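Colleague: Here it is: the structure, laid out below.
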Amino acid sequence: MIYPATLELLAGILGSACFVAATLGCAYLVMASIMVLRWGSKARISRRAALPVSVLVPLCGDEPYLERRVEALCSQRYDAPVQIIWGVQDPSDPAIGIVRRALMKFPRHDTLLNIDPAIRGRNRKVANLANMLKHARHDTIVALDSDIHVGPDYLSAVVGALQEPGVGAATCLYHGVPSTNLWSRLAALGIDLHFLPSVCVALAFGLAQPCFGSTMAMHRRTLDRIGAFSAFAEELFDDNAIGEAVRQGGDKVKVLPLMVAHVCHESSARELAETQLRYARTIRAIDPIGNAGAIITHPFPVALVALALGVRSAGDLALLALVCRLILCICVEQAFGLPRHSYWLVPVRDILSFGAYSTAFLGNTVVWRGHRYHVPRADSRVVDPDGGSWMSSLARVTRRILRWNRASS
């Protein structure tokens, strides 16, 4: 039997812990705002000789604005041969008709729509990439997700970065672009206010060389050395695993100061929840201890928990945390030239992020493209129970900050 006095003591201890975590979280948001502005000021693109390049785009379904993204990729300002391959696995995939209609506007371009149902491994996107790679004619390979929209100088910037000394792979940061509904707006806001700042902080501290599916550019010799795409057929977050393989070979993963757009197509609360849980549970599986410390990245809802547990001054702290998040939002807009966000959604988005973070501890199942998987160990391998960046580096940043605080005191 737990006595009321014991419950009151436990509530007081938990409330004080939440208050401290939220206080540290406010400091984190201020630091993230500074790092975001610093990163935005470094947006200079390396310009080097253009190399013949093969671009691989795995498709799956009728995504919002897909035709526009096809046209944007076909409209590159690039001074070398470009081969663009779109890949689908289902012969009845609605993306086929969209791509064919868009390609009618570019009859002279070197393009291929590859329809190949072969699936090797449980990661269907990687299987799609492996199917397309067989048709790539050039020695510079650029793979990007189908929901990424690029500007006209995208290939010039990516291939230029890939030619820098010691660079084995090049990747891009991305911001969120909503489609037409509230759920996609919340998804885009999560990318801009949680993912982007965490990457900027990690890069500023030198704790990460992330690789994102928004862009994975490599020379063919590098891709062959790491086993090509088929070597990652069981990886849930294949981009993270590919970047790690490149680094293990002694090369760097270059993160370009080039922003591409990730089109968010969540159309319901369920789709949004599935996406957020997939990210949160994979991060928890990769680095469970560090992920627990990442609670400080949610200061507003954590302060609300402290308030509910009876910490009177937590209300003022929650307001301060919300102000810090709004300042971070404005800094992101300024640094990356993004349109103004719906500020009234910021506290909603913070609570949703904390909900996903908390729920991630209650299970190991994730849903990806309509398929259910299980992440049972401290890695990101896909396991089918019937038989992701965000980055774990954010947790490492948290530990580095705490160590620094202890050393300075």
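In the structure tokens, each chain is lettered A, B, ... as it comes, each chain's residues begin at 1, and ligands are numbered from 1 in order of appearance.
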I want to know what sits within 10 Å of range 261-274 of chain A, based on only C-alpha atoms, with residues of the same chain fewer than 2 positions away left out; could you give that as a PyMOL selection string?
Modeller: chain A and resi 62-66+69+145-151+172-189+191+214+259+276-280+352-353+355-356+365-370
Colleague: Can you tell me, as a PDB file with N, CA, C and O atoms, in the first residue's frame, what residues are no more than 12 Å from Leu73 in chain A when counting only C-alpha atoms, ignoring any on the same chain fewer than 5 positions away?
Modeller:
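Writing the result to result-v5.pdb gives the following:
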```
ATOM      1  N   SER A  54      23.856   9.991 -62.716  1.00  0.00           N
ATOM      2  CA  SER A  54      22.602   9.234 -62.768  1.00  0.00           C
ATOM      3  C   SER A  54      21.827   9.504 -61.487  1.00  0.00           C
ATOM      4  O   SER A  54      22.367   9.349 -60.388  1.00  0.00           O
ATOM      5  N   VAL A  55      20.574   9.923 -61.620  1.00  0.00           N
ATOM      6  CA  VAL A  55      19.722  10.270 -60.488  1.00  0.00           C
ATOM      7  C   VAL A  55      18.671   9.182 -60.309  1.00  0.00           C
ATOM      8  O   VAL A  55      17.974   8.820 -61.274  1.00  0.00           O
ATOM      9  N   LEU A  56      18.548   8.662 -59.091  1.00  0.00           N
ATOM     10  CA  LEU A  56      17.606   7.581 -58.788  1.00  0.00           C
ATOM     11  C   LEU A  56      16.526   8.099 -57.846  1.00  0.00           C
ATOM     12  O   LEU A  56      16.841   8.657 -56.795  1.00  0.00           O
ATOM     13  N   VAL A  57      15.266   7.905 -58.225  1.00  0.00           N
ATOM     14  CA  VAL A  57      14.145   8.369 -57.406  1.00  0.00           C
ATOM     15  C   VAL A  57      13.167   7.216 -57.196  1.00  0.00           C
ATOM     16  O   VAL A  57      12.424   6.855 -58.123  1.00  0.00           O
ATOM     17  N   LEU A  66       3.573  15.491 -56.879  1.00  0.00           N
ATOM     18  CA  LEU A  66       4.610  14.657 -57.470  1.00  0.00           C
ATOM     19  C   LEU A  66       4.990  15.138 -58.863  1.00  0.00           C
ATOM     20  O   LEU A  66       6.174  15.162 -59.222  1.00  0.00           O
ATOM     21  N   GLU A  67       4.010  15.534 -59.638  1.00  0.00           N
ATOM     22  CA  GLU A  67       4.309  15.992 -61.000  1.00  0.00           C
ATOM     23  C   GLU A  67       5.221  17.211 -60.986  1.00  0.00           C
ATOM     24  O   GLU A  67       6.138  17.329 -61.810  1.00  0.00           O
ATOM     25  N   ARG A  68       5.009  18.121 -60.055  1.00  0.00           N
ATOM     26  CA  ARG A  68       5.875  19.296 -59.952  1.00  0.00           C
ATOM     27  C   ARG A  68       7.307  18.891 -59.620  1.00  0.00           C
ATOM     28  O   ARG A  68       8.271  19.491 -60.130  1.00  0.00           O
ATOM     29  N   TYR A  78      22.499  22.325 -65.491  1.00  0.00           N
ATOM     30  CA  TYR A  78      23.639  21.438 -65.283  1.00  0.00           C
ATOM     31  C   TYR A  78      24.347  21.212 -66.605  1.00  0.00           C
ATOM     32  O   TYR A  78      23.702  20.934 -67.631  1.00  0.00           O
ATOM     33  N   VAL A  82      22.854  14.105 -67.786  1.00  0.00           N
ATOM     34  CA  VAL A  82      22.059  13.701 -66.620  1.00  0.00           C
ATOM     35  C   VAL A  82      21.095  12.600 -67.041  1.00  0.00           C
ATOM     36  O   VAL A  82      20.311  12.765 -67.979  1.00  0.00           O
ATOM     37  N   GLN A  83      21.161  11.483 -66.360  1.00  0.00           N
ATOM     38  CA  GLN A  83      20.212  10.392 -66.538  1.00  0.00           C
ATOM     39  C   GLN A  83      19.326  10.339 -65.299  1.00  0.00           C
ATOM     40  O   GLN A  83      19.829  10.289 -64.183  1.00  0.00           O
ATOM     41  N   ILE A  84      18.016  10.366 -65.489  1.00  0.00           N
ATOM     42  CA  ILE A  84      17.089  10.324 -64.355  1.00  0.00           C
ATOM     43  C   ILE A  84      16.263   9.048 -64.451  1.00  0.00           C
ATOM     44  O   ILE A  84      15.619   8.784 -65.480  1.00  0.00           O
ATOM     45  N   ILE A  85      16.303   8.257 -63.386  1.00  0.00           N
ATOM     46  CA  ILE A  85      15.572   6.986 -63.334  1.00  0.00           C
ATOM     47  C   ILE A  85      14.551   7.059 -62.211  1.00  0.00           C
ATOM     48  O   ILE A  85      14.902   7.322 -61.060  1.00  0.00           O
ATOM     49  N   TRP A  86      13.298   6.850 -62.553  1.00  0.00           N
ATOM     50  CA  TRP A  86      12.242   6.701 -61.551  1.00  0.00           C
ATOM     51  C   TRP A  86      11.911   5.225 -61.427  1.00  0.00           C
ATOM     52  O   TRP A  86      11.811   4.517 -62.440  1.00  0.00           O
ATOM     53  N   VAL A  99       4.183  10.251 -63.548  1.00  0.00           N
ATOM     54  CA  VAL A  99       5.521  10.460 -64.091  1.00  0.00           C
ATOM     55  C   VAL A  99       5.482  10.483 -65.615  1.00  0.00           C
ATOM     56  O   VAL A  99       6.110  11.338 -66.250  1.00  0.00           O
ATOM     57  N   ALA A 102       4.206  13.791 -66.790  1.00  0.00           N
ATOM     58  CA  ALA A 102       5.182  14.870 -66.613  1.00  0.00           C
ATOM     59  C   ALA A 102       6.314  14.767 -67.627  1.00  0.00           C
ATOM     60  O   ALA A 102       6.794  15.790 -68.148  1.00  0.00           O
ATOM     61  N   LEU A 103       6.741  13.565 -67.947  1.00  0.00           N
ATOM     62  CA  LEU A 103       7.882  13.384 -68.850  1.00  0.00           C
ATOM     63  C   LEU A 103       7.550  13.736 -70.289  1.00  0.00           C
ATOM     64  O   LEU A 103       8.467  13.943 -71.103  1.00  0.00           O
ATOM     65  N   PHE A 106       9.297  16.709 -71.488  1.00  0.00           N
ATOM     66  CA  PHE A 106      10.754  16.665 -71.622  1.00  0.00           C
ATOM     67  C   PHE A 106      11.156  15.494 -72.515  1.00  0.00           C
ATOM     68  O   PHE A 106      11.863  14.571 -72.085  1.00  0.00           O
ATOM     69  N   HIS A 109      15.000  14.477 -72.833  1.00  0.00           N
ATOM     70  CA  HIS A 109      15.779  14.160 -71.642  1.00  0.00           C
ATOM     71  C   HIS A 109      16.050  12.657 -71.570  1.00  0.00           C
ATOM     72  O   HIS A 109      15.281  11.828 -72.071  1.00  0.00           O
ATOM     73  N   ASP A 110      17.174  12.331 -70.953  1.00  0.00           N
ATOM     74  CA  ASP A 110      17.558  10.934 -70.742  1.00  0.00           C
ATOM     75  C   ASP A 110      16.868  10.437 -69.474  1.00  0.00           C
ATOM     76  O   ASP A 110      17.371  10.606 -68.355  1.00  0.00           O
ATOM     77  N   THR A 111      15.699   9.848 -69.631  1.00  0.00           N
ATOM     78  CA  THR A 111      14.912   9.410 -68.481  1.00  0.00           C
ATOM     79  C   THR A 111      14.473   7.965 -68.663  1.00  0.00           C
ATOM     80  O   THR A 111      14.411   7.443 -69.783  1.00  0.00           O
ATOM     81  N   VAL A 142      23.218   9.884 -57.609  1.00  0.00           N
ATOM     82  CA  VAL A 142      22.476  10.708 -56.653  1.00  0.00           C
ATOM     83  C   VAL A 142      21.111  10.065 -56.443  1.00  0.00           C
ATOM     84  O   VAL A 142      20.345   9.896 -57.404  1.00  0.00           O
ATOM     85  N   ALA A 143      20.820   9.681 -55.205  1.00  0.00           N
ATOM     86  CA  ALA A 143      19.516   9.115 -54.863  1.00  0.00           C
ATOM     87  C   ALA A 143      18.786  10.083 -53.945  1.00  0.00           C
ATOM     88  O   ALA A 143      19.388  10.650 -53.029  1.00  0.00           O
ATOM     89  N   LEU A 144      17.497  10.284 -54.193  1.00  0.00           N
ATOM     90  CA  LEU A 144      16.701  11.153 -53.323  1.00  0.00           C
ATOM     91  C   LEU A 144      15.291  10.612 -53.218  1.00  0.00           C
ATOM     92  O   LEU A 144      14.793   9.961 -54.138  1.00  0.00           O
ATOM     93  N   ASP A 145      14.676  10.879 -52.080  1.00  0.00           N
ATOM     94  CA  ASP A 145      13.316  10.401 -51.842  1.00  0.00           C
ATOM     95  C   ASP A 145      12.332  11.095 -52.776  1.00  0.00           C
ATOM     96  O   ASP A 145      12.541  12.238 -53.204  1.00  0.00           O
ATOM     97  N   SER A 146      11.237  10.432 -53.036  1.00  0.00           N
ATOM     98  CA  SER A 146      10.250  10.951 -53.980  1.00  0.00           C
ATOM     99  C   SER A 146       9.521  12.175 -53.459  1.00  0.00           C
ATOM    100  O   SER A 146       8.921  12.921 -54.240  1.00  0.00           O
ATOM    101  N   ASP A 147       9.550  12.402 -52.140  1.00  0.00           N
ATOM    102  CA  ASP A 147       8.840  13.555 -51.575  1.00  0.00           C
ATOM    103  C   ASP A 147       9.729  14.781 -51.435  1.00  0.00           C
ATOM    104  O   ASP A 147       9.385  15.727 -50.732  1.00  0.00           O
ATOM    105  N   ILE A 148      10.873  14.794 -52.113  1.00  0.00           N
ATOM    106  CA  ILE A 148      11.821  15.912 -52.050  1.00  0.00           C
ATOM    107  C   ILE A 148      11.692  16.779 -53.301  1.00  0.00           C
ATOM    108  O   ILE A 148      11.766  16.284 -54.431  1.00  0.00           O
ATOM    109  N   HIS A 149      11.508  18.078 -53.075  1.00  0.00           N
ATOM    110  CA  HIS A 149      11.453  19.054 -54.171  1.00  0.00           C
ATOM    111  C   HIS A 149      12.765  19.835 -54.188  1.00  0.00           C
ATOM    112  O   HIS A 149      13.216  20.323 -53.157  1.00  0.00           O
ATOM    113  N   VAL A 150      13.376  19.950 -55.393  1.00  0.00           N
ATOM    114  CA  VAL A 150      14.694  20.575 -55.501  1.00  0.00           C
ATOM    115  C   VAL A 150      14.633  21.805 -56.394  1.00  0.00           C
ATOM    116  O   VAL A 150      13.744  21.957 -57.232  1.00  0.00           O
ATOM    117  N   GLY A 151      15.629  22.690 -56.206  1.00  0.00           N
ATOM    118  CA  GLY A 151      15.764  23.874 -57.034  1.00  0.00           C
ATOM    119  C   GLY A 151      16.583  23.590 -58.281  1.00  0.00           C
ATOM    120  O   GLY A 151      17.161  22.502 -58.441  1.00  0.00           O
ATOM    121  N   PRO A 152      16.706  24.552 -59.181  1.00  0.00           N
ATOM    122  CA  PRO A 152      17.370  24.326 -60.475  1.00  0.00           C
ATOM    123  C   PRO A 152      18.874  24.102 -60.378  1.00  0.00           C
ATOM    124  O   PRO A 152      19.470  23.550 -61.308  1.00  0.00           O
ATOM    125  N   ASP A 153      19.519  24.507 -59.299  1.00  0.00           N
ATOM    126  CA  ASP A 153      20.964  24.328 -59.139  1.00  0.00           C
ATOM    127  C   ASP A 153      21.306  23.175 -58.210  1.00  0.00           C
ATOM    128  O   ASP A 153      22.454  23.047 -57.739  1.00  0.00           O
ATOM    129  N   TYR A 154      20.353  22.332 -57.945  1.00  0.00           N
ATOM    130  CA  TYR A 154      20.529  21.232 -57.000  1.00  0.00           C
ATOM    131  C   TYR A 154      21.684  20.307 -57.398  1.00  0.00           C
ATOM    132  O   TYR A 154      22.600  20.054 -56.599  1.00  0.00           O
ATOM    133  N   LEU A 155      21.689  19.818 -58.622  1.00  0.00           N
ATOM    134  CA  LEU A 155      22.726  18.871 -59.033  1.00  0.00           C
ATOM    135  C   LEU A 155      24.106  19.512 -59.053  1.00  0.00           C
ATOM    136  O   LEU A 155      25.102  18.879 -58.687  1.00  0.00           O
ATOM    137  N   VAL A 260      16.668  21.627 -49.317  1.00  0.00           N
ATOM    138  CA  VAL A 260      15.649  21.101 -50.210  1.00  0.00           C
ATOM    139  C   VAL A 260      14.354  20.982 -49.409  1.00  0.00           C
ATOM    140  O   VAL A 260      14.346  21.116 -48.184  1.00  0.00           O
TER     141      VAL A 260
END
```
Colleague: I'd like to know which of A:Ala308, A:Ile296, A:Val246, A:Tyr357 is closest to Thr282 in chain A, using only C-alpha atoms.
Modeller: A:Tyr357
Colleague: For Ala217 in chain A, work out the shell of residues within 8 Å, counting only C-alpha atoms and skipping chain neighbours fewer than 3 positions away, then give it as a list in words.
Modeller: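 So the residues in contact are Thr140, Ile141, Val142, Ala143, Val158, Val159, Leu162, Ala169, Ala170 and Thr171 of chain A.
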Colleague: Figure out the distance between CA of Phe212 in chain A and CA of Arg122 in chain A, please, to one decimal in Å.
Modeller: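 Distance reported for this atom pair: 19.4 Å.
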Colleague: From a DSSP pass on the backbone, collect the residues of range 70-304 of chain A flagged as alpha helix (DSSP H) and hand them back as a PyMOL selection string.
Modeller: chain A and resi 70-73+95-103+124-133+154-162+182-190+196-204+220-225+238-248+269-286+288-293+299-304
Colleague: Would you please work out which residue, of A:Cys18, A:Val167, A:Ala118, A:Leu328, is nearest to Ala130 in chain A when using only C-alpha atoms?
Modeller: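 Smallest separation from Ala130 in chain A among the options: A:Ala118.
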Colleague: Measuring between only C-alpha atoms, which one of A:Ala228, A:Ile330, A:Leu29, A:Leu24 shows the shortest distance to Ser342 in chain A?
Modeller: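 Result for the nearest residue to Ser342 in chain A: A:Ile330.
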Colleague: Please measure the separation of CA of Leu129 in chain A and CA of Pro58 in chain A, giving the value in Å to one decimal.
Modeller: 6.2 Å
Colleague: Select, from A:Glu164, A:Glu71, A:Asp350, A:Asp93, the residue with the minimum atom-to-atom distance to Val302 in chain A, counting only C-alpha atoms.
Modeller: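 Selected residue with least distance to Val302 in chain A: A:Asp350.
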Colleague: Between CA of Ala21 in chain A and CA of Cys200 in chain A, what is the distance in Å, rounded to a tenth?
Modeller: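 Distance between the two atoms: 21.0 Å.
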Colleague: Excluding range 7-12 of chain A and its own-chain neighbours fewer than 4 positions away, which residues fall within 10 Å of it when counting only C-alpha atoms? Please give them as number ranges by chain.
Modeller: A: 2-3, 16-18, 306, 308-311
Colleague: Could the residues in this selection be written to a file with N, CA, C and O atoms, as an mmCIF file, in the first residue's frame?
Modeller:
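Printed below is out_5.cif as written:
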```cif
data_model
loop_
_atom_site.group_PDB
_atom_site.id
_atom_site.type_symbol
_atom_site.label_atom_id
_atom_site.label_comp_id
_atom_site.auth_asym_id
_atom_site.auth_seq_id
_atom_site.Cartn_x
_atom_site.Cartn_y
_atom_site.Cartn_z
ATOM 1 N N ILE A 2 0.562 2.176 -0.894
ATOM 2 C CA ILE A 2 1.312 3.430 -0.967
ATOM 3 C C ILE A 2 0.529 4.512 -0.237
ATOM 4 O O ILE A 2 -0.629 4.790 -0.553
ATOM 5 N N TYR A 3 1.149 5.101 0.754
ATOM 6 C CA TYR A 3 0.486 6.098 1.568
ATOM 7 C C TYR A 3 0.449 7.457 0.852
ATOM 8 O O TYR A 3 1.317 7.760 0.024
ATOM 9 N N SER A 16 10.041 18.346 -9.395
ATOM 10 C CA SER A 16 11.306 19.087 -9.366
ATOM 11 C C SER A 16 12.210 18.658 -10.508
ATOM 12 O O SER A 16 12.886 19.490 -11.138
ATOM 13 N N ALA A 17 12.235 17.348 -10.798
ATOM 14 C CA ALA A 17 13.053 16.855 -11.906
ATOM 15 C C ALA A 17 12.571 17.430 -13.234
ATOM 16 O O ALA A 17 13.376 17.832 -14.086
ATOM 17 N N CYS A 18 11.258 17.479 -13.408
ATOM 18 C CA CYS A 18 10.704 18.057 -14.636
ATOM 19 C C CYS A 18 11.025 19.547 -14.733
ATOM 20 O O CYS A 18 11.305 20.062 -15.827
ATOM 21 N N ALA A 306 5.393 19.493 -14.792
ATOM 22 C CA ALA A 306 5.826 19.981 -13.482
ATOM 23 C C ALA A 306 4.722 20.800 -12.815
ATOM 24 O O ALA A 306 4.494 20.690 -11.598
ATOM 25 N N ALA A 308 1.503 20.454 -13.303
ATOM 26 C CA ALA A 308 0.456 19.525 -12.870
ATOM 27 C C ALA A 308 0.841 18.782 -11.601
ATOM 28 O O ALA A 308 -0.034 18.353 -10.836
ATOM 29 N N LEU A 309 2.154 18.648 -11.363
ATOM 30 C CA LEU A 309 2.628 17.949 -10.170
ATOM 31 C C LEU A 309 2.802 18.883 -8.975
ATOM 32 O O LEU A 309 3.310 18.473 -7.934
ATOM 33 N N GLY A 310 2.383 20.131 -9.150
ATOM 34 C CA GLY A 310 2.345 21.039 -8.011
ATOM 35 C C GLY A 310 3.495 22.012 -7.893
ATOM 36 O O GLY A 310 3.601 22.714 -6.877
ATOM 37 N N VAL A 311 4.378 22.097 -8.902
ATOM 38 C CA VAL A 311 5.468 23.074 -8.858
ATOM 39 C C VAL A 311 4.903 24.414 -9.321
ATOM 40 O O VAL A 311 4.624 24.613 -10.509
#
```
Colleague: Mind listing the strand (DSSP E or B) residues of range 90-200 of chain A, per DSSP on the backbone, as a list in words?
Modeller: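 Here is the list: Asp110, Thr111, Leu112, Leu113, Asn114, Ile115, Thr140, Ile141, Val142, Ala143, Ile148, His149, Val167, Gly168, Ala169, Ala170, Thr171, Cys172, Leu173, Tyr174, His175, Gly176, Val177 and Pro178 of chain A.
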Colleague: Near Arg247 in chain A, within 12 Å and counting only C-alpha atoms, which residues show up once chain neighbours fewer than 5 positions away are dropped, as a ChimeraX atom specification?
Modeller: /A:166-170,208-211,222,225-226,240-242,252-254
Colleague: Could the residues in this selection be written to a file with all heavy atoms, as a compact mmCIF listing (two decimals), in the first residue's frame?
Modeller:
```txt
# COMPACT_ATOMS: atom_id res chain seq x y z
N GLY A 166 38.32 14.20 -49.53
CA GLY A 166 37.90 13.42 -48.38
C GLY A 166 36.41 13.17 -48.26
O GLY A 166 35.97 12.52 -47.32
N VAL A 167 35.63 13.68 -49.20
CA VAL A 167 34.18 13.51 -49.15
C VAL A 167 33.78 12.23 -49.87
O VAL A 167 34.08 12.06 -51.06
CB VAL A 167 33.45 14.72 -49.76
CG1 VAL A 167 31.95 14.45 -49.85
CG2 VAL A 167 33.72 15.97 -48.93
N GLY A 168 33.13 11.31 -49.15
CA GLY A 168 32.66 10.08 -49.76
C GLY A 168 31.20 10.10 -50.11
O GLY A 168 30.74 9.34 -50.96
N ALA A 169 30.44 10.97 -49.45
CA ALA A 169 29.01 11.09 -49.73
C ALA A 169 28.58 12.52 -49.42
O ALA A 169 29.15 13.19 -48.57
CB ALA A 169 28.20 10.09 -48.89
N ALA A 170 27.56 12.97 -50.12
CA ALA A 170 27.00 14.30 -49.90
C ALA A 170 25.51 14.17 -49.63
O ALA A 170 24.82 13.32 -50.22
CB ALA A 170 27.24 15.21 -51.11
N ALA A 208 28.20 14.92 -35.35
CA ALA A 208 27.46 14.13 -36.32
C ALA A 208 27.90 14.47 -37.73
O ALA A 208 28.25 15.60 -38.03
CB ALA A 208 25.96 14.36 -36.17
N GLN A 209 27.90 13.45 -38.59
CA GLN A 209 27.99 13.60 -40.02
C GLN A 209 26.79 12.86 -40.61
O GLN A 209 26.92 11.78 -41.17
CB GLN A 209 29.30 13.03 -40.57
CG GLN A 209 30.54 13.81 -40.19
CD GLN A 209 31.77 13.23 -40.86
OE1 GLN A 209 31.76 12.84 -42.02
NE2 GLN A 209 32.85 13.17 -40.11
N PRO A 210 25.61 13.40 -40.44
CA PRO A 210 24.40 12.66 -40.81
C PRO A 210 24.27 12.48 -42.31
O PRO A 210 24.84 13.22 -43.11
CB PRO A 210 23.27 13.55 -40.26
CG PRO A 210 23.87 14.91 -40.26
CD PRO A 210 25.31 14.74 -39.92
N CYS A 211 23.51 11.48 -42.67
CA CYS A 211 23.18 11.24 -44.07
C CYS A 211 21.67 11.08 -44.16
O CYS A 211 21.09 10.28 -43.42
CB CYS A 211 23.89 9.99 -44.58
SG CYS A 211 23.68 9.69 -46.36
N THR A 222 32.59 4.35 -54.37
CA THR A 222 32.23 4.36 -52.95
C THR A 222 31.04 3.46 -52.69
O THR A 222 31.00 2.69 -51.72
CB THR A 222 31.92 5.79 -52.48
OG1 THR A 222 33.04 6.63 -52.74
CG2 THR A 222 31.59 5.82 -51.00
N ARG A 225 32.10 -0.07 -52.75
CA ARG A 225 32.90 -0.43 -51.58
C ARG A 225 32.03 -0.77 -50.38
O ARG A 225 32.38 -1.66 -49.58
CB ARG A 225 33.86 0.72 -51.24
CG ARG A 225 34.67 0.48 -49.97
CD ARG A 225 35.72 1.55 -49.76
NE ARG A 225 35.17 2.89 -49.73
CZ ARG A 225 34.56 3.43 -48.68
NH1 ARG A 225 34.39 2.73 -47.58
NH2 ARG A 225 34.11 4.67 -48.73
N ILE A 226 30.91 -0.09 -50.21
CA ILE A 226 30.04 -0.36 -49.05
C ILE A 226 29.00 -1.43 -49.34
O ILE A 226 28.13 -1.71 -48.51
CB ILE A 226 29.35 0.93 -48.58
CG1 ILE A 226 28.37 1.47 -49.63
CG2 ILE A 226 30.37 1.99 -48.19
CD1 ILE A 226 27.58 2.69 -49.18
N ASN A 240 20.80 6.51 -42.66
CA ASN A 240 21.72 6.55 -41.53
C ASN A 240 22.77 5.45 -41.64
O ASN A 240 23.96 5.69 -41.38
CB ASN A 240 20.93 6.40 -40.23
CG ASN A 240 21.82 6.40 -39.00
OD1 ASN A 240 22.37 7.42 -38.62
ND2 ASN A 240 21.97 5.24 -38.38
N ALA A 241 22.35 4.25 -42.03
CA ALA A 241 23.28 3.13 -42.15
C ALA A 241 24.27 3.35 -43.29
O ALA A 241 25.45 3.00 -43.18
CB ALA A 241 22.50 1.83 -42.36
N ILE A 242 23.83 3.91 -44.39
CA ILE A 242 24.72 4.18 -45.51
C ILE A 242 25.77 5.21 -45.11
O ILE A 242 26.96 5.07 -45.41
CB ILE A 242 23.92 4.65 -46.74
CG1 ILE A 242 23.14 3.47 -47.33
CG2 ILE A 242 24.82 5.27 -47.80
CD1 ILE A 242 22.15 3.85 -48.42
N LYS A 252 34.31 11.26 -45.42
CA LYS A 252 33.36 12.13 -44.74
C LYS A 252 32.01 12.11 -45.45
O LYS A 252 31.92 11.84 -46.65
CB LYS A 252 33.89 13.57 -44.73
CG LYS A 252 35.17 13.78 -43.94
CD LYS A 252 35.51 15.25 -43.87
CE LYS A 252 35.79 15.83 -45.26
NZ LYS A 252 36.24 17.25 -45.19
N VAL A 253 30.99 12.42 -44.69
CA VAL A 253 29.68 12.69 -45.26
C VAL A 253 29.47 14.20 -45.20
O VAL A 253 29.37 14.78 -44.12
CB VAL A 253 28.55 11.96 -44.50
CG1 VAL A 253 27.19 12.31 -45.10
CG2 VAL A 253 28.78 10.45 -44.54
N LYS A 254 29.42 14.83 -46.34
CA LYS A 254 29.30 16.29 -46.42
C LYS A 254 27.83 16.69 -46.37
O LYS A 254 27.02 16.25 -47.19
CB LYS A 254 29.93 16.78 -47.72
CG LYS A 254 29.70 18.24 -48.05
CD LYS A 254 30.54 19.15 -47.20
CE LYS A 254 30.41 20.60 -47.69
NZ LYS A 254 31.26 21.52 -46.91
```
